[in-house]
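Let me begin by presenting the structure, written as structure tokens, before commenting on it.
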Amino acid sequence: MGMPGPQKINRYGLEFKLRAVRMSEQPGVLVKDVAESLCIHPFMLSRWRKQVREGVLSGKSPALDAAAVAELQRLREVESKYRQLQMEHDLLKKAIRFVSERKAKSSPSSRQTGKRGPLR
């Protein structure tokens with residue numbers, strides 16, 4: 001249920017919308033990353049992208065901030081590497097737990113003491 005009282009509704013200009021759409025269309029950049037960097041909901045950006053495709057939003061495309069696009073691409077790569085490291089870490093924790101449990105379960109009688117009986 002929503003909060004009582006007046007709601008704040010942001011109105012974004014055409015230039016802002018077109019810049020956001022253009023940023024989200026760059027290779028290696030996700031809609032959610034662009035939306036997060038602009039403090040807007042990803043659904044709103046997706047709607048603007050659809051409006052541009054349909055010709056509802058049109059105008060001269062503003063110049064893109066190359067540094068911002070590069071930062072979004074770098075963020076995507078770092079997040080991917082982080083997920084990979086997380087999976088590796090979880091796998092190592094499971095392996096350590098497995099080996100520890102095997103050592104704890106092995107009984108003293110099954111271990112070799114170094115003494116050998118006569119060979120037959």
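Labeling convention for the structure tokens: chains A, B, ... as they appear, residues from 1 per chain, ligands from 1 in order of appearance.
Counting only C-alpha atoms, Leu64 in chain A has the following residues at most 10 Å away, ignoring those fewer than 6 positions along the same chain: Leu18, Arg19, Ala20, Arg22 and Met23 of chain A.
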Selection above as a file: N, CA and C atoms, as a PDB file, in the first residue's frame:
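Output below, filename result-v5.pdb:
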ATOM      1  N   LEU A  18      16.160  11.283 -24.125  1.00  0.00           N
ATOM      2  CA  LEU A  18      16.921  10.833 -25.295  1.00  0.00           C
ATOM      3  C   LEU A  18      18.347  10.462 -24.921  1.00  0.00           C
ATOM      4  N   ARG A  19      18.954  11.211 -24.007  1.00  0.00           N
ATOM      5  CA  ARG A  19      20.320  10.883 -23.569  1.00  0.00           C
ATOM      6  C   ARG A  19      20.317   9.533 -22.833  1.00  0.00           C
ATOM      7  N   ALA A  20      19.331   9.320 -21.986  1.00  0.00           N
ATOM      8  CA  ALA A  20      19.248   8.053 -21.250  1.00  0.00           C
ATOM      9  C   ALA A  20      19.072   6.888 -22.212  1.00  0.00           C
ATOM     10  N   ARG A  22      19.908   6.772 -25.379  1.00  0.00           N
ATOM     11  CA  ARG A  22      21.133   6.604 -26.163  1.00  0.00           C
ATOM     12  C   ARG A  22      22.221   5.900 -25.349  1.00  0.00           C
ATOM     13  N   MET A  23      22.325   6.248 -24.070  1.00  0.00           N
ATOM     14  CA  MET A  23      23.307   5.581 -23.203  1.00  0.00           C
ATOM     15  C   MET A  23      22.991   4.100 -23.069  1.00  0.00           C
TER      16      MET A  23
END
> Expressed in Å to a single decimal, how great is the separation between CA of Gln84 in chain A and CA of Glu25 in chain A?
Replying inline: 25.4 Å
Quick one: residues within 12 Å of Met44 in chain A, only C-alpha atoms counted, chain neighbours fewer than 4 positions away excluded, as a PDB file with N, CA, C and O atoms, in the first residue's frame?
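Produced file part04.pdb, reproduced below:
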ATOM      1  N   ASN A  10       8.371  13.185 -10.708  1.00  0.00           N
ATOM      2  CA  ASN A  10       9.430  13.859 -11.456  1.00  0.00           C
ATOM      3  C   ASN A  10       9.020  13.958 -12.920  1.00  0.00           C
ATOM      4  O   ASN A  10       8.507  13.009 -13.496  1.00  0.00           O
ATOM      5  N   ARG A  11       9.260  15.083 -13.508  1.00  0.00           N
ATOM      6  CA  ARG A  11       9.030  15.296 -14.930  1.00  0.00           C
ATOM      7  C   ARG A  11      10.403  15.441 -15.583  1.00  0.00           C
ATOM      8  O   ARG A  11      11.203  16.291 -15.180  1.00  0.00           O
ATOM      9  N   TYR A  12      10.653  14.611 -16.548  1.00  0.00           N
ATOM     10  CA  TYR A  12      11.944  14.627 -17.219  1.00  0.00           C
ATOM     11  C   TYR A  12      11.777  15.233 -18.610  1.00  0.00           C
ATOM     12  O   TYR A  12      10.821  14.958 -19.315  1.00  0.00           O
ATOM     13  N   LYS A  17      15.590  12.299 -21.538  1.00  0.00           N
ATOM     14  CA  LYS A  17      15.088  10.987 -21.966  1.00  0.00           C
ATOM     15  C   LYS A  17      15.901  10.443 -23.136  1.00  0.00           C
ATOM     16  O   LYS A  17      16.290   9.263 -23.137  1.00  0.00           O
ATOM     17  N   ALA A  20      19.331   9.320 -21.986  1.00  0.00           N
ATOM     18  CA  ALA A  20      19.248   8.053 -21.250  1.00  0.00           C
ATOM     19  C   ALA A  20      19.072   6.888 -22.212  1.00  0.00           C
ATOM     20  O   ALA A  20      19.714   5.840 -22.068  1.00  0.00           O
ATOM     21  N   VAL A  21      18.199   7.051 -23.205  1.00  0.00           N
ATOM     22  CA  VAL A  21      17.968   5.987 -24.192  1.00  0.00           C
ATOM     23  C   VAL A  21      19.242   5.716 -24.968  1.00  0.00           C
ATOM     24  O   VAL A  21      19.627   4.560 -25.173  1.00  0.00           O
ATOM     25  N   VAL A  31      20.324  -1.797 -19.315  1.00  0.00           N
ATOM     26  CA  VAL A  31      19.290  -0.825 -18.990  1.00  0.00           C
ATOM     27  C   VAL A  31      19.289  -0.563 -17.489  1.00  0.00           C
ATOM     28  O   VAL A  31      19.213   0.591 -17.047  1.00  0.00           O
ATOM     29  N   LYS A  32      19.397  -1.613 -16.689  1.00  0.00           N
ATOM     30  CA  LYS A  32      19.340  -1.431 -15.235  1.00  0.00           C
ATOM     31  C   LYS A  32      20.512  -0.598 -14.720  1.00  0.00           C
ATOM     32  O   LYS A  32      20.356   0.180 -13.792  1.00  0.00           O
ATOM     33  N   VAL A  34      22.137   1.811 -16.442  1.00  0.00           N
ATOM     34  CA  VAL A  34      21.897   3.203 -16.831  1.00  0.00           C
ATOM     35  C   VAL A  34      20.843   3.816 -15.917  1.00  0.00           C
ATOM     36  O   VAL A  34      20.996   4.927 -15.406  1.00  0.00           O
ATOM     37  N   ALA A  35      19.759   3.061 -15.705  1.00  0.00           N
ATOM     38  CA  ALA A  35      18.672   3.559 -14.857  1.00  0.00           C
ATOM     39  C   ALA A  35      19.180   3.848 -13.448  1.00  0.00           C
ATOM     40  O   ALA A  35      18.860   4.883 -12.861  1.00  0.00           O
ATOM     41  N   GLU A  36      19.981   2.958 -12.909  1.00  0.00           N
ATOM     42  CA  GLU A  36      20.516   3.152 -11.560  1.00  0.00           C
ATOM     43  C   GLU A  36      21.413   4.380 -11.496  1.00  0.00           C
ATOM     44  O   GLU A  36      21.355   5.160 -10.542  1.00  0.00           O
ATOM     45  N   LEU A  38      21.185   7.015 -13.260  1.00  0.00           N
ATOM     46  CA  LEU A  38      20.380   8.229 -13.429  1.00  0.00           C
ATOM     47  C   LEU A  38      19.305   8.371 -12.354  1.00  0.00           C
ATOM     48  O   LEU A  38      18.503   9.300 -12.400  1.00  0.00           O
ATOM     49  N   CYS A  39      19.259   7.423 -11.416  1.00  0.00           N
ATOM     50  CA  CYS A  39      18.274   7.423 -10.325  1.00  0.00           C
ATOM     51  C   CYS A  39      16.835   7.389 -10.847  1.00  0.00           C
ATOM     52  O   CYS A  39      15.961   8.126 -10.370  1.00  0.00           O
ATOM     53  N   ILE A  40      16.610   6.535 -11.831  1.00  0.00           N
ATOM     54  CA  ILE A  40      15.256   6.317 -12.337  1.00  0.00           C
ATOM     55  C   ILE A  40      14.982   4.819 -12.318  1.00  0.00           C
ATOM     56  O   ILE A  40      15.901   4.006 -12.215  1.00  0.00           O
ATOM     57  N   TRP A  48      10.761   4.517 -22.249  1.00  0.00           N
ATOM     58  CA  TRP A  48      11.311   5.556 -23.122  1.00  0.00           C
ATOM     59  C   TRP A  48      11.956   4.936 -24.354  1.00  0.00           C
ATOM     60  O   TRP A  48      11.832   5.465 -25.460  1.00  0.00           O
ATOM     61  N   ARG A  49      12.645   3.820 -24.177  1.00  0.00           N
ATOM     62  CA  ARG A  49      13.263   3.132 -25.316  1.00  0.00           C
ATOM     63  C   ARG A  49      12.192   2.696 -26.314  1.00  0.00           C
ATOM     64  O   ARG A  49      12.368   2.833 -27.523  1.00  0.00           O
ATOM     65  N   LYS A  50      11.089   2.179 -25.801  1.00  0.00           N
ATOM     66  CA  LYS A  50       9.985   1.753 -26.667  1.00  0.00           C
ATOM     67  C   LYS A  50       9.395   2.953 -27.399  1.00  0.00           C
ATOM     68  O   LYS A  50       9.096   2.882 -28.596  1.00  0.00           O
ATOM     69  N   GLN A  51       9.240   4.074 -26.689  1.00  0.00           N
ATOM     70  CA  GLN A  51       8.682   5.279 -27.309  1.00  0.00           C
ATOM     71  C   GLN A  51       9.599   5.803 -28.412  1.00  0.00           C
ATOM     72  O   GLN A  51       9.115   6.295 -29.433  1.00  0.00           O
TER      73      GLN A  51
END
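Pairwise distance (CA of Gly28 in chain A, CA of Leu75 in chain A) equals 9.8 Å.
Using only C-alpha atoms, the nearest neighbour of Ser46 in chain A within the list A:Val78, A:Leu30, A:Val99, A:Val69 is A:Leu30.
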Which residues, written as an mmCIF file with N, CA and C atoms, in the first residue's frame, have at least one atom at most 10 Å from Gly59 in chain A, with only C-alpha atoms counted and residues fewer than 6 positions away on the same chain left out?
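Output contents, as saved in selection_33.cif:
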data_model
loop_
_atom_site.group_PDB
_atom_site.id
_atom_site.type_symbol
_atom_site.label_atom_id
_atom_site.label_comp_id
_atom_site.auth_asym_id
_atom_site.auth_seq_id
_atom_site.Cartn_x
_atom_site.Cartn_y
_atom_site.Cartn_z
ATOM 1 N N LEU A 14 12.775 16.146 -22.628
ATOM 2 C CA LEU A 14 13.039 15.339 -23.816
ATOM 3 C C LEU A 14 14.528 15.036 -23.950
ATOM 4 N N GLU A 15 15.372 16.027 -23.707
ATOM 5 C CA GLU A 15 16.809 15.822 -23.844
ATOM 6 C C GLU A 15 17.315 14.769 -22.858
ATOM 7 N N LEU A 18 16.160 11.283 -24.125
ATOM 8 C CA LEU A 18 16.921 10.833 -25.295
ATOM 9 C C LEU A 18 18.347 10.462 -24.921
ATOM 10 N N VAL A 52 10.900 5.687 -28.236
ATOM 11 C CA VAL A 52 11.837 6.109 -29.276
ATOM 12 C C VAL A 52 11.705 5.187 -30.485
#
> So which residues of range 8-84 of chain A fall under helix (DSSP H, G or I) by DSSP, listed as a VMD selection string?
Replying inline: chain A and resid 14 to 24 31 to 38 42 to 54 66 to 84
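The residue that comes closest to Ser24 in chain A, out of A:Leu72, A:Arg97, A:Ala66, A:Ser106 and on the basis of only C-alpha atoms, is A:Leu72.
Among the candidates A:Arg83, A:Gly13, A:Ile96, A:Gln73, the one nearest to Ser58 in chain A when counting only C-alpha atoms is A:Gly13.
Interatomic distance, CA of Ala68 in chain A to CA of Phe16 in chain A: 14.2 Å.
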